[in-house]
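J.: Sharing target-v5.txt below, compact mmCIF, C-alpha atoms and all ligand atoms:
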# COMPACT_ATOMS: atom_id res chain seq x y z
CA MET A 1 -66.53 -65.65 33.70
CA ARG A 2 -63.22 -66.04 32.10
CA GLY A 3 -62.79 -62.26 32.40
CA LEU A 4 -63.41 -62.35 36.18
CA VAL A 5 -60.85 -65.07 36.68
CA VAL A 6 -58.36 -62.97 34.86
CA LEU A 7 -59.26 -59.97 36.98
CA VAL A 8 -58.95 -61.90 40.25
CA THR A 9 -55.70 -63.37 39.12
CA LEU A 10 -54.52 -59.93 38.23
CA ALA A 11 -55.68 -58.56 41.55
CA CYS A 12 -53.98 -61.41 43.38
CA PHE A 13 -50.92 -60.84 41.42
CA ALA A 14 -51.05 -57.16 42.18
CA SER A 15 -51.55 -57.78 45.85
CA ALA A 16 -48.79 -60.36 45.92
CA GLN A 17 -46.47 -57.86 44.22
CA HIS A 18 -47.50 -55.22 46.70
CA GLN A 19 -46.77 -57.50 49.60
CA ALA A 20 -43.37 -58.32 48.22
CA LEU A 21 -42.58 -54.65 47.95
CA ILE A 22 -43.70 -54.03 51.50
CA ASP A 23 -41.63 -56.93 52.72
CA TYR A 24 -38.64 -55.64 50.85
CA LEU A 25 -39.07 -52.17 52.25
CA GLU A 26 -39.47 -53.54 55.73
CA ARG A 27 -36.22 -55.49 55.39
CA ARG A 28 -34.46 -52.40 54.15
CA LEU A 29 -35.83 -50.36 57.00
CA LEU A 30 -34.67 -52.96 59.49
CA ALA A 31 -31.26 -53.03 57.91
CA ILE A 32 -31.08 -49.22 58.05
CA GLU A 33 -32.22 -49.26 61.68
CA ASP A 34 -29.55 -51.81 62.41
CA ARG A 35 -26.93 -49.66 60.84
CA ILE A 36 -28.22 -46.61 62.61
CA SER A 37 -28.01 -48.34 65.93
CA LEU A 38 -24.54 -49.55 64.98
CA TRP A 39 -23.54 -45.96 64.17
CA HIS A 40 -25.03 -44.88 67.46
CA GLU A 41 -22.98 -47.41 69.26
CA GLN A 42 -19.87 -46.42 67.37
CA THR A 43 -20.51 -42.74 67.88
CA ASN A 44 -20.99 -43.37 71.58
CA ARG A 45 -17.75 -45.28 71.66
CA TYR A 46 -15.94 -42.56 69.77
CA ALA A 47 -17.44 -39.97 72.07
CA THR A 48 -16.25 -41.89 75.10
CA GLU A 49 -12.82 -42.35 73.60
CA LEU A 50 -12.67 -38.68 72.74
CA ARG A 51 -13.66 -37.77 76.26
CA GLU A 52 -10.98 -40.03 77.67
CA LEU A 53 -8.42 -38.60 75.28
CA LYS A 54 -9.46 -35.11 76.29
CA GLN A 55 -9.05 -36.00 79.95
CA GLN A 56 -5.60 -37.39 79.25
CA MET A 57 -4.68 -34.29 77.29
CA VAL A 58 -5.86 -32.06 80.08
CA ALA A 59 -3.79 -34.01 82.58
CA GLN A 60 -0.73 -33.82 80.36
CA LEU A 61 -1.28 -30.11 79.72
CA GLU A 62 -1.41 -29.57 83.46
CA ASN A 63 1.85 -31.44 83.78
CA LEU A 64 3.37 -29.36 80.99
CA ASP A 65 2.19 -26.23 82.75
CA LYS A 66 3.92 -27.35 85.91
CA GLU A 67 7.11 -28.11 83.99
CA ASN A 68 6.84 -24.77 82.27
CA GLU A 69 6.59 -23.10 85.62
CA VAL A 70 9.73 -24.89 86.85
CA LEU A 71 11.52 -23.96 83.61
CA ARG A 72 10.42 -20.36 83.93
CA ASN A 73 11.69 -20.21 87.51
CA THR A 74 15.00 -21.73 86.46
CA LEU A 75 15.29 -19.27 83.59
CA GLU A 76 14.50 -16.41 85.93
CA SER A 77 17.21 -17.44 88.35
CA VAL A 78 19.67 -17.90 85.46
CA GLY A 79 18.68 -14.44 84.21
CA ALA A 80 19.33 -12.98 87.64
CA ARG A 81 22.74 -14.66 87.71
CA VAL A 82 23.61 -13.33 84.26
CA ASP A 83 22.60 -9.86 85.44
CA ARG A 84 24.82 -10.21 88.48
CA VAL A 85 27.79 -11.40 86.42
CA GLU A 86 27.27 -8.49 84.03
CA ARG A 87 27.19 -6.07 86.92
CA GLU A 88 30.35 -7.62 88.35
CA MET A 89 32.04 -7.34 84.97
CA ASP A 90 31.02 -3.69 84.70
CA TYR A 91 32.44 -3.15 88.14
CA LEU A 92 35.67 -4.92 87.26
CA GLU A 93 35.94 -2.86 84.10
CA THR A 94 35.65 0.36 86.06
CA GLN A 95 38.17 -1.05 88.54
CA ASN A 96 40.57 -1.96 85.78
CA GLY A 97 40.14 1.42 84.20
CA ALA A 98 39.61 0.50 80.58
CA GLN A 99 39.19 4.22 79.94
CA PRO A 100 42.75 5.44 80.55
CA CYS A 101 43.85 2.92 77.94
CA VAL A 102 42.00 4.90 75.29
CA ASP A 103 43.30 8.20 76.62
CA MET A 104 46.85 6.93 76.57
CA ASP A 105 46.47 5.58 73.07
CA ASP A 106 45.24 8.98 71.96
CA LYS A 107 48.30 10.58 73.46
CA LEU A 108 50.49 8.13 71.68
CA MET A 109 48.80 9.02 68.42
CA GLU A 110 49.32 12.73 69.06
CA GLN A 111 52.98 12.20 69.60
CA GLN A 112 53.08 10.21 66.41
CA VAL A 113 55.12 7.42 67.80
CA THR A 114 52.89 4.45 67.18
CA GLN A 115 53.31 2.80 63.89
CA VAL A 116 50.09 1.76 62.21
CA LYS A 117 49.74 -1.85 63.06
CA GLU A 118 48.07 -4.13 60.57
CA ASP A 119 47.13 -6.78 63.07
CA ASN A 120 44.57 -5.56 65.55
CA LYS A 121 44.02 -9.17 66.51
CA ALA A 122 41.91 -10.38 69.41
CA LYS A 123 43.78 -9.05 72.35
CA TYR A 124 44.26 -11.29 75.31
CA ALA A 125 42.92 -14.67 74.43
CA LYS A 126 46.51 -15.84 74.48
CA LEU A 127 47.07 -14.68 78.04
CA SER A 128 44.73 -17.29 79.41
CA ASP A 129 46.98 -20.13 78.24
CA CYS A 130 49.45 -19.40 80.96
CA ARG A 131 48.26 -20.27 84.45
CA ASP A 132 51.35 -20.40 86.65
CA MET A 133 51.59 -18.40 89.81
CA ILE A 134 54.21 -18.38 92.54
CA SER A 135 53.77 -20.87 95.28
CA SER A 136 57.01 -20.24 97.17
CA ILE A 137 60.74 -19.63 96.89
CA LYS A 138 62.56 -22.92 96.75
CA ALA A 139 66.14 -21.74 96.93
CA MET A 140 68.29 -18.65 96.97
CA LYS A 141 71.83 -18.31 95.73
CA ILE A 142 74.17 -15.32 96.04
CA LEU A 143 76.26 -15.49 92.90
CA LYS A 144 78.55 -12.53 93.20
CA LYS A 145 79.18 -9.04 94.46
CA LEU A 146 79.93 -6.77 91.56
CA GLY A 147 79.43 -3.05 90.92
CA GLY A 148 77.58 -0.46 92.93
CA PRO A 149 74.76 -0.77 95.45
CA LYS A 150 72.10 -0.41 92.75
CA GLY A 151 71.81 -1.98 89.33
CA THR A 152 70.17 -4.60 87.17
CA TRP A 153 71.34 -7.97 86.00
CA SER A 154 69.74 -10.74 84.00
CA LYS A 155 70.29 -13.42 81.45
CA ASP A 156 69.15 -12.93 77.88
CA VAL A 157 65.62 -14.34 77.83
CA SER A 158 65.92 -16.33 74.63
CA ARG A 159 66.30 -20.01 74.01
CA GLY A 160 69.86 -21.18 73.65
CA SER A 161 71.45 -18.02 75.02
CA GLY A 162 73.49 -18.24 78.19
CA ARG A 163 74.70 -14.65 78.12
CA VAL A 164 74.56 -12.60 81.27
CA TYR A 165 74.18 -8.81 81.21
CA ILE A 166 74.99 -6.24 83.86
CA PHE A 167 73.65 -2.69 84.02
CA ASN A 168 75.77 -1.30 86.84
CA GLY A 169 74.23 1.65 88.71
CA THR A 170 71.14 3.61 87.74
CA ASP A 171 72.55 5.49 84.77
CA GLY A 172 75.20 4.92 82.15
CA ASP A 173 75.68 3.98 78.55
CA THR A 174 77.58 0.71 78.96
CA ILE A 175 76.29 -2.83 79.35
CA HIS A 176 78.67 -5.57 80.50
CA GLU A 177 78.12 -8.84 78.69
CA PHE A 178 79.40 -12.20 80.02
CA ALA A 179 79.31 -15.17 77.64
CA THR A 180 78.13 -17.55 80.39
CA VAL A 181 77.09 -17.55 84.05
CA HIS A 182 80.37 -19.37 84.70
CA ASP A 183 82.35 -16.50 83.17
CA PHE A 184 80.37 -14.10 85.30
CA THR A 185 80.94 -15.91 88.60
CA GLY A 186 84.61 -16.57 87.77
CA SER A 187 85.40 -13.05 86.64
CA LEU A 188 87.52 -10.71 88.69
CA GLY A 189 85.39 -7.59 88.50
CA PHE A 190 84.38 -6.97 84.91
CA THR A 191 87.58 -8.48 83.44
CA ARG A 192 85.83 -11.29 81.57
CA ALA A 193 83.05 -9.05 80.28
CA LYS A 194 82.64 -7.44 76.92
CA ALA A 195 81.64 -3.79 77.30
CA VAL A 196 78.86 -2.77 74.94
CA THR A 197 78.43 0.99 74.56
CA LEU A 198 74.91 2.04 73.69
CA PRO A 199 74.07 4.98 71.39
CA SER A 200 72.26 6.71 74.27
CA ALA A 201 72.35 6.60 78.07
CA TRP A 202 70.01 4.41 80.07
CA ARG A 203 68.45 5.42 83.37
CA GLY A 204 66.84 3.54 86.25
CA THR A 205 66.66 -0.21 86.71
CA GLY A 206 63.97 -1.00 84.15
CA HIS A 207 66.04 -2.76 81.49
CA VAL A 208 65.61 -6.25 80.11
CA ILE A 209 67.47 -8.37 77.58
CA TYR A 210 64.98 -10.31 75.49
CA ASN A 211 65.64 -12.31 72.31
CA SER A 212 69.12 -10.81 71.87
CA HIS A 213 67.79 -7.25 72.19
CA ALA A 214 68.35 -4.81 75.01
CA TYR A 215 65.23 -2.87 75.93
CA TYR A 216 66.19 0.16 77.97
CA VAL A 217 64.72 3.40 79.24
CA LYS A 218 66.13 6.68 77.97
CA GLN A 219 65.11 9.73 79.97
CA GLY A 220 65.29 13.18 78.44
CA GLU A 221 62.47 15.63 77.84
CA GLU A 222 60.38 12.53 77.31
CA VAL A 223 60.69 8.97 78.47
CA GLU A 224 61.69 6.81 75.57
CA LEU A 225 61.94 3.04 75.23
CA VAL A 226 64.83 1.92 73.08
CA LYS A 227 65.19 -1.50 71.49
CA TYR A 228 68.77 -2.29 70.65
CA ASP A 229 70.00 -5.31 68.70
CA MET A 230 72.91 -6.79 70.69
CA ARG A 231 74.11 -8.89 67.71
CA ASN A 232 74.97 -6.08 65.32
CA GLY A 233 74.77 -3.06 67.63
CA SER A 234 71.94 -1.20 65.96
CA VAL A 235 68.84 0.50 67.33
CA THR A 236 65.86 -1.48 66.04
CA ASP A 237 63.13 0.80 67.36
CA THR A 238 62.33 3.60 69.78
CA ALA A 239 59.00 4.68 71.23
CA VAL A 240 58.00 7.56 73.49
CA PHE A 241 56.34 6.13 76.57
CA PRO A 242 53.47 8.35 77.75
CA VAL A 243 54.42 9.03 81.39
CA GLN A 244 54.53 12.55 82.76
CA ASP A 245 56.61 14.28 85.41
CA ASN A 246 59.04 11.38 85.74
CA LEU A 247 57.12 9.82 88.63
CA PRO A 248 59.08 6.90 90.08
CA VAL A 249 57.06 3.73 89.77
CA TYR A 250 58.26 2.39 93.17
CA SER A 251 58.68 4.88 95.98
CA LEU A 252 61.77 3.07 97.31
CA THR A 253 63.57 2.95 93.93
CA PRO A 254 63.22 6.58 92.86
CA GLU A 255 65.51 6.32 89.81
CA THR A 256 63.11 4.04 87.96
CA VAL A 257 60.32 5.71 86.02
CA VAL A 258 59.44 2.76 83.79
CA ASP A 259 60.30 -0.81 84.76
CA LEU A 260 60.31 -3.37 81.96
CA ALA A 261 59.57 -7.05 82.56
CA VAL A 262 59.47 -10.22 80.49
CA ASP A 263 57.19 -13.14 81.25
CA GLU A 264 55.73 -16.11 79.37
CA GLU A 265 53.52 -13.71 77.42
CA GLY A 266 56.21 -11.27 76.36
CA LEU A 267 57.14 -7.71 77.28
CA TRP A 268 55.48 -5.57 79.95
CA ALA A 269 55.99 -2.01 81.16
CA ILE A 270 55.34 -1.09 84.80
CA TYR A 271 54.94 2.65 85.44
CA ALA A 272 53.06 5.41 87.26
CA THR A 273 50.66 8.04 85.95
CA ARG A 274 49.52 11.45 87.25
CA GLU A 275 45.85 10.44 87.00
CA ASN A 276 46.27 7.38 89.18
CA ASP A 277 49.39 8.43 91.05
CA ARG A 278 48.93 6.37 94.20
CA TYR A 279 48.89 3.10 92.31
CA ILE A 280 51.11 1.25 89.90
CA SER A 281 49.99 0.95 86.27
CA MET A 282 51.06 -1.70 83.83
CA ALA A 283 50.97 -2.17 80.06
CA LYS A 284 51.43 -5.09 77.72
CA MET A 285 53.93 -4.10 75.04
CA ASP A 286 54.55 -5.52 71.60
CA ALA A 287 58.18 -6.60 71.87
CA LYS A 288 58.60 -6.38 68.10
CA SER A 289 57.35 -2.84 67.51
CA LEU A 290 57.33 -1.33 71.06
CA ASP A 291 53.63 -0.52 70.56
CA THR A 292 51.49 -0.41 73.68
CA GLU A 293 48.87 -3.15 73.35
CA GLN A 294 46.79 -2.66 76.48
CA MET A 295 47.05 -0.81 79.79
CA TRP A 296 45.78 -1.44 83.31
CA ASP A 297 45.62 0.62 86.50
CA THR A 298 46.46 -1.93 89.16
CA THR A 299 45.32 -1.96 92.77
CA CYS A 300 48.93 -2.06 93.99
CA PRO A 301 50.17 1.08 95.78
CA ARG A 302 53.49 2.69 94.85
CA GLU A 303 54.15 3.66 98.43
CA ASN A 304 56.77 1.50 100.12
CA ALA A 305 57.24 -0.61 96.97
CA GLU A 306 60.80 -1.50 95.96
CA ALA A 307 60.48 -3.65 92.84
CA ALA A 308 58.06 -5.84 90.89
CA PHE A 309 57.97 -8.57 88.30
CA VAL A 310 55.39 -10.26 86.07
CA ILE A 311 54.64 -14.00 85.77
CA CYS A 312 51.90 -15.25 83.42
CA GLY A 313 50.25 -11.85 83.24
CA THR A 314 50.28 -11.39 87.02
CA LEU A 315 52.14 -8.48 88.57
CA TYR A 316 53.88 -9.21 91.90
CA VAL A 317 54.92 -6.10 93.81
CA VAL A 318 57.56 -6.41 96.51
CA TYR A 319 57.31 -4.07 99.51
CA ASN A 320 59.53 -3.19 102.39
CA THR A 321 58.32 -4.77 105.64
CA LYS A 322 58.68 -3.53 109.19
CA GLN A 323 60.96 -6.43 109.94
CA PRO A 324 64.49 -5.29 109.12
CA GLY A 325 66.22 -7.23 106.36
CA ARG A 326 63.02 -8.57 104.85
CA SER A 327 60.79 -7.56 102.01
CA ARG A 328 57.70 -9.31 100.78
CA VAL A 329 55.25 -9.71 97.91
CA GLN A 330 52.29 -7.87 99.33
CA CYS A 331 50.25 -6.98 96.30
CA VAL A 332 49.33 -9.01 93.27
CA PHE A 333 47.47 -7.86 90.17
CA ASP A 334 46.39 -10.37 87.54
CA VAL A 335 45.33 -8.93 84.16
CA ASN A 336 43.16 -12.05 83.73
CA GLY A 337 41.50 -11.48 87.11
CA MET A 338 42.23 -15.00 88.36
CA VAL A 339 44.50 -14.07 91.26
CA THR A 340 43.87 -11.36 93.83
CA SER A 341 46.03 -10.02 96.63
CA ASP A 342 44.08 -12.26 99.02
CA ASP A 343 45.55 -15.24 97.19
CA ALA A 344 48.99 -13.64 97.19
CA PRO A 345 51.60 -16.11 98.35
CA LEU A 346 53.60 -15.24 101.44
CA VAL A 347 56.85 -14.73 99.59
CA TYR A 348 59.62 -13.16 101.63
CA PHE A 349 62.94 -11.92 100.29
CA PRO A 350 65.91 -11.46 102.56
CA LYS A 351 67.74 -8.23 101.84
CA ARG A 352 70.87 -6.40 102.92
CA TYR A 353 70.39 -2.98 101.50
CA GLY A 354 67.46 -0.58 101.93
CA ALA A 355 65.63 -2.11 98.99
CA HIS A 356 66.05 -4.45 96.05
CA SER A 357 66.92 -2.17 93.17
CA SER A 358 65.65 -4.73 90.65
CA LEU A 359 63.98 -8.14 90.40
CA LYS A 360 63.96 -9.63 86.90
CA TYR A 361 62.02 -12.80 86.13
CA ASN A 362 63.29 -15.29 83.56
CA PRO A 363 60.31 -17.33 82.31
CA LEU A 364 62.56 -19.95 80.65
CA GLU A 365 64.26 -20.80 83.93
CA GLN A 366 61.61 -19.65 86.44
CA LEU A 367 64.34 -17.75 88.22
CA LEU A 368 64.38 -14.25 89.67
CA TYR A 369 67.53 -12.20 89.11
CA ALA A 370 67.83 -9.80 92.04
CA TRP A 371 70.25 -6.96 92.69
CA ASP A 372 70.64 -6.15 96.34
CA ASP A 373 73.38 -3.84 97.60
CA GLY A 374 75.76 -4.89 94.85
CA TYR A 375 75.04 -8.60 95.36
CA GLN A 376 73.67 -10.55 92.41
CA ILE A 377 71.21 -13.09 93.77
CA LEU A 378 69.16 -15.84 92.15
CA TYR A 379 65.82 -16.99 93.56
CA LYS A 380 64.44 -20.31 92.36
CA LEU A 381 60.63 -20.21 92.33
CA VAL A 382 58.10 -22.98 92.86
CA MET A 383 54.95 -22.54 90.81
CA LYS A 384 51.40 -23.77 91.11
CA LYS A 385 48.39 -23.36 88.86
CA LYS A 386 46.22 -20.29 89.35
CA LEU A 387 43.06 -22.42 89.47
CA GLU A 388 44.34 -24.41 92.46
CA VAL A 389 44.22 -21.30 94.65
C1 LIG A 401 79.40 0.60 89.08
O1 LIG A 401 78.52 1.63 89.52
C2 LIG A 401 78.99 2.33 90.66
C3 LIG A 401 77.95 3.35 91.01
O2 LIG A 401 76.73 2.75 91.28
C4 LIG A 401 80.35 2.96 90.40
O3 LIG A 401 80.83 3.53 91.58
C5 LIG A 401 81.30 1.92 89.90
O4 LIG A 401 82.53 2.53 89.52
C6 LIG A 401 80.73 1.18 88.72
N1 LIG A 401 81.63 0.15 88.30
C7 LIG A 401 82.05 0.04 87.03
C8 LIG A 401 83.04 -1.03 86.75
O5 LIG A 401 81.64 0.76 86.16
C1 LIG A 402 70.89 -6.09 62.48
O1 LIG A 402 70.34 -7.40 62.44
C2 LIG A 402 68.93 -7.45 62.21
C3 LIG A 402 68.48 -8.89 62.29
O2 LIG A 402 69.51 -9.79 62.06
C4 LIG A 402 68.60 -6.83 60.88
O3 LIG A 402 67.22 -6.83 60.65
C5 LIG A 402 69.10 -5.38 60.86
O4 LIG A 402 68.87 -4.80 59.60
C6 LIG A 402 70.57 -5.36 61.20
N1 LIG A 402 70.99 -3.97 61.30
C7 LIG A 402 72.12 -3.53 60.84
C8 LIG A 402 72.38 -2.07 60.98
O5 LIG A 402 72.93 -4.27 60.30
Now, as a test, write the supplied structure out as structure tokens.

T.:
Amino acid sequence: MRGLVVLVTLACFASAQHQALIDYLERRLLAIEDRISLWHEQTNRYATELRELKQQMVAQLENLDKENEVLRNTLESVGARVDRVEREMDYLETQNGAQPCVDMDDKLMEQQVTQVKEDNKAKYAKLSDCRDMISSIKAMKILKKLGGPKGTWSKDVSRGSGRVYIFNGTDGDTIHEFATVHDFTGSLGFTRAKAVTLPSAWRGTGHVIYNSHAYYVKQGEEVELVKYDMRNGSVTDTAVFPVQDNLPVYSLTPETVVDLAVDEEGLWAIYATRENDRYISMAKMDAKSLDTEQMWDTTCPRENAEAAFVICGTLYVVYNTKQPGRSRVQCVFDVNGMVTSDDAPLVYFPKRYGAHSSLKYNPLEQLLYAWDDGYQILYKLVMKKKLEV
């Protein structure tokens, strides 16, 4: 009996334990189900959020695509413009004839006149600093009548110098130097002048006086530029200038084969070549060494031209007009390409003789020194900026 009780108790105990286990498992299962449903919910939420995000992304991508398209179109049109500018530059280069520059340089080398220059510095960045062009002539003054119908006169283009120089006629070996403009205007003939005899004869009307040096053209077998120090009377340098057949640069001033000019940028040579014989050519010169720095074939014809001058890298060519007693700037060539003949100012010069034999610009005074039938005339210029054209 006692054994049965123990058995029943044991069985009860076992069944109670069993029940507890089942209960426990059930609770666990419920908890797991809860968590599973929670995960489900969360997953669903994440899925929804993901979907929304995806939709947003798609929308933004579409937007980006559209922007891309706009950008691509813009880039294409910019590309086309770059192409056009490049083509225009190519065209301008062929117009400006970069090629003859090389040819000429070769010739110079052959003739062994160029000194080896150490500074092959960037060439014309400096030219762009200067932007003046002629607007009009403000005043004209006839200073004197001295010497023959043709000649050249100018002041020394250097700060602090008031000296006036006369090259009478189209050939000779003497320069007349006046200490001041006052001496020049007050002089009876050449009485107040100091006569400076050069070591060789000059020819034409191409001479300039620049920083106390006379730069003149000597014409023999070859055309030579001579740089002469006026202070101690010595030749500083000479250079053969590569022009052939002594072609006059202006048809109406046949004595002048090379015309020299000084502007804000320095020394220039204006000349004619066989290869481009209908038009005027110009070169930027190194005033120190007489080396040719760069050359251009301009679009200005030689025919009917009487003289020219350079201001801020722009060549102004003066032509005879049909109206008697008048000549006019009718062609302009800017080495920087900022001024064309269409922008050329209507600048008229009264004249007495057949042609001006020389027009020399002084960049320090913005005056033109003209020689017309033995009269020495000053023209006062009014300038404007090239960009205002
Ligand atoms: C100036 O040159 C002319 C020729 O053009 C000449 O007849 C005249 O005698 C010259 N005058 C002087 C002072 O040399
Ligand atoms: C003349 O003067 C310059 C500069 O003052 C000088 O370099 C040159 O050697 C001088 N020439 C003569 C021959 O005295």

J.: Rounded to one decimal place, report the CA of Met230 in chain A-CA of Met282 in chain A distance in Å.

T.: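 Pair CA of Met230 in chain A / CA of Met282 in chain A returns 26.0 Å.
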
J.: Calculate how many Å separate CA of His213 in chain A from atom C1 of ligand LIG 401 (chain A), rounding to one decimal.

T.: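 That distance, rounded to one decimal, is 21.9 Å.
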
J.: Could you pull out the residues sitting within 7 Å of ligand LIG 402 (chain A), using all atoms listed in the file, and write them as a ChimeraX atom specification?

T.: /A:229,231-232,234

J.: Within 6 Å of ligand LIG 401 (chain A), counting only C-alpha atoms and all ligand atoms: which residues, as an MDAnalysis selection string?

T.: chainID A and resid 147:150 168:169

J.: Could you name the residues that touch range 332-348 of chain A at 6 Å or less, counting only C-alpha atoms, but leaving out those on the same chain fewer than 6 positions away, as a list in words?

T.: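 After dropping sequence-adjacent residues, the list is Gly313, Thr314, Leu315 and Tyr316 of chain A.
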
J.: Quote the spacing between CA of Gly172 in chain A and CA of Val226 in chain A in Å to one decimal place.

T.: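 CA of Gly172 in chain A sits 14.1 Å away from CA of Val226 in chain A.
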
J.: For Tyr210 in chain A, please output as a list in words all residues within 7 Å (counting all atoms listed in the file; exclusion window: fewer than 2 positions along the same chain).

T.: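 In the requested format, the answer is Asp156, Val157, Ser158, Val208, Ser212, His213 and Ala214 of chain A.
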
J.: Determine, counting all atoms listed in the file, which protein, DNA and RNA residues have an atom within 8 Å of an atom of Leu368 in chain A; residues of the same chain fewer than 5 positions away are not included. Present the result as a list in words.

T.: Leu359, Lys360, Tyr361, Asn362, Leu378, Tyr379, Lys380 and Leu381 of chain A

J.: Can you pull out every residue within 6 Å of range 265-272 of chain A, counting only C-alpha atoms, but drop anything in the same chain fewer than 2 positions away, and send it as a VMD selection string?

T.: chain A and resid 249 258 to 263 280 to 285 287

J.: Grab the residues selected above and save them as a PDB file, keeping the file's coordinate frame with C-alpha atoms.

T.:
ATOM      1  CA  VAL A 249      57.060   3.730  89.770  1.00  0.00           C
ATOM      2  CA  VAL A 258      59.440   2.760  83.790  1.00  0.00           C
ATOM      3  CA  ASP A 259      60.300  -0.810  84.760  1.00  0.00           C
ATOM      4  CA  LEU A 260      60.310  -3.370  81.960  1.00  0.00           C
ATOM      5  CA  ALA A 261      59.570  -7.050  82.560  1.00  0.00           C
ATOM      6  CA  VAL A 262      59.470 -10.220  80.490  1.00  0.00           C
ATOM      7  CA  ASP A 263      57.190 -13.140  81.250  1.00  0.00           C
ATOM      8  CA  ILE A 280      51.110   1.250  89.900  1.00  0.00           C
ATOM      9  CA  SER A 281      49.990   0.950  86.270  1.00  0.00           C
ATOM     10  CA  MET A 282      51.060  -1.700  83.830  1.00  0.00           C
ATOM     11  CA  ALA A 283      50.970  -2.170  80.060  1.00  0.00           C
ATOM     12  CA  LYS A 284      51.430  -5.090  77.720  1.00  0.00           C
ATOM     13  CA  MET A 285      53.930  -4.100  75.040  1.00  0.00           C
ATOM     14  CA  ALA A 287      58.180  -6.600  71.870  1.00  0.00           C
TER      15      ALA A 287
END

J.: Would you kindly return, as a PDB file with C-alpha atoms, keeping the file's coordinate frame, each protein, DNA or RNA residue with an atom no farther than 6 Å from any atom of Thr170 in chain A, considering only C-alpha atoms and excluding same-chain residues fewer than 5 positions away?

T.:
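Below is the file result37.pdb, written as the result:
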ATOM      1  CA  GLY A 151      71.810  -1.980  89.330  1.00  0.00           C
ATOM      2  CA  ARG A 203      68.450   5.420  83.370  1.00  0.00           C
ATOM      3  CA  GLY A 204      66.840   3.540  86.250  1.00  0.00           C
ATOM      4  CA  THR A 205      66.660  -0.210  86.710  1.00  0.00           C
TER       5      THR A 205
END
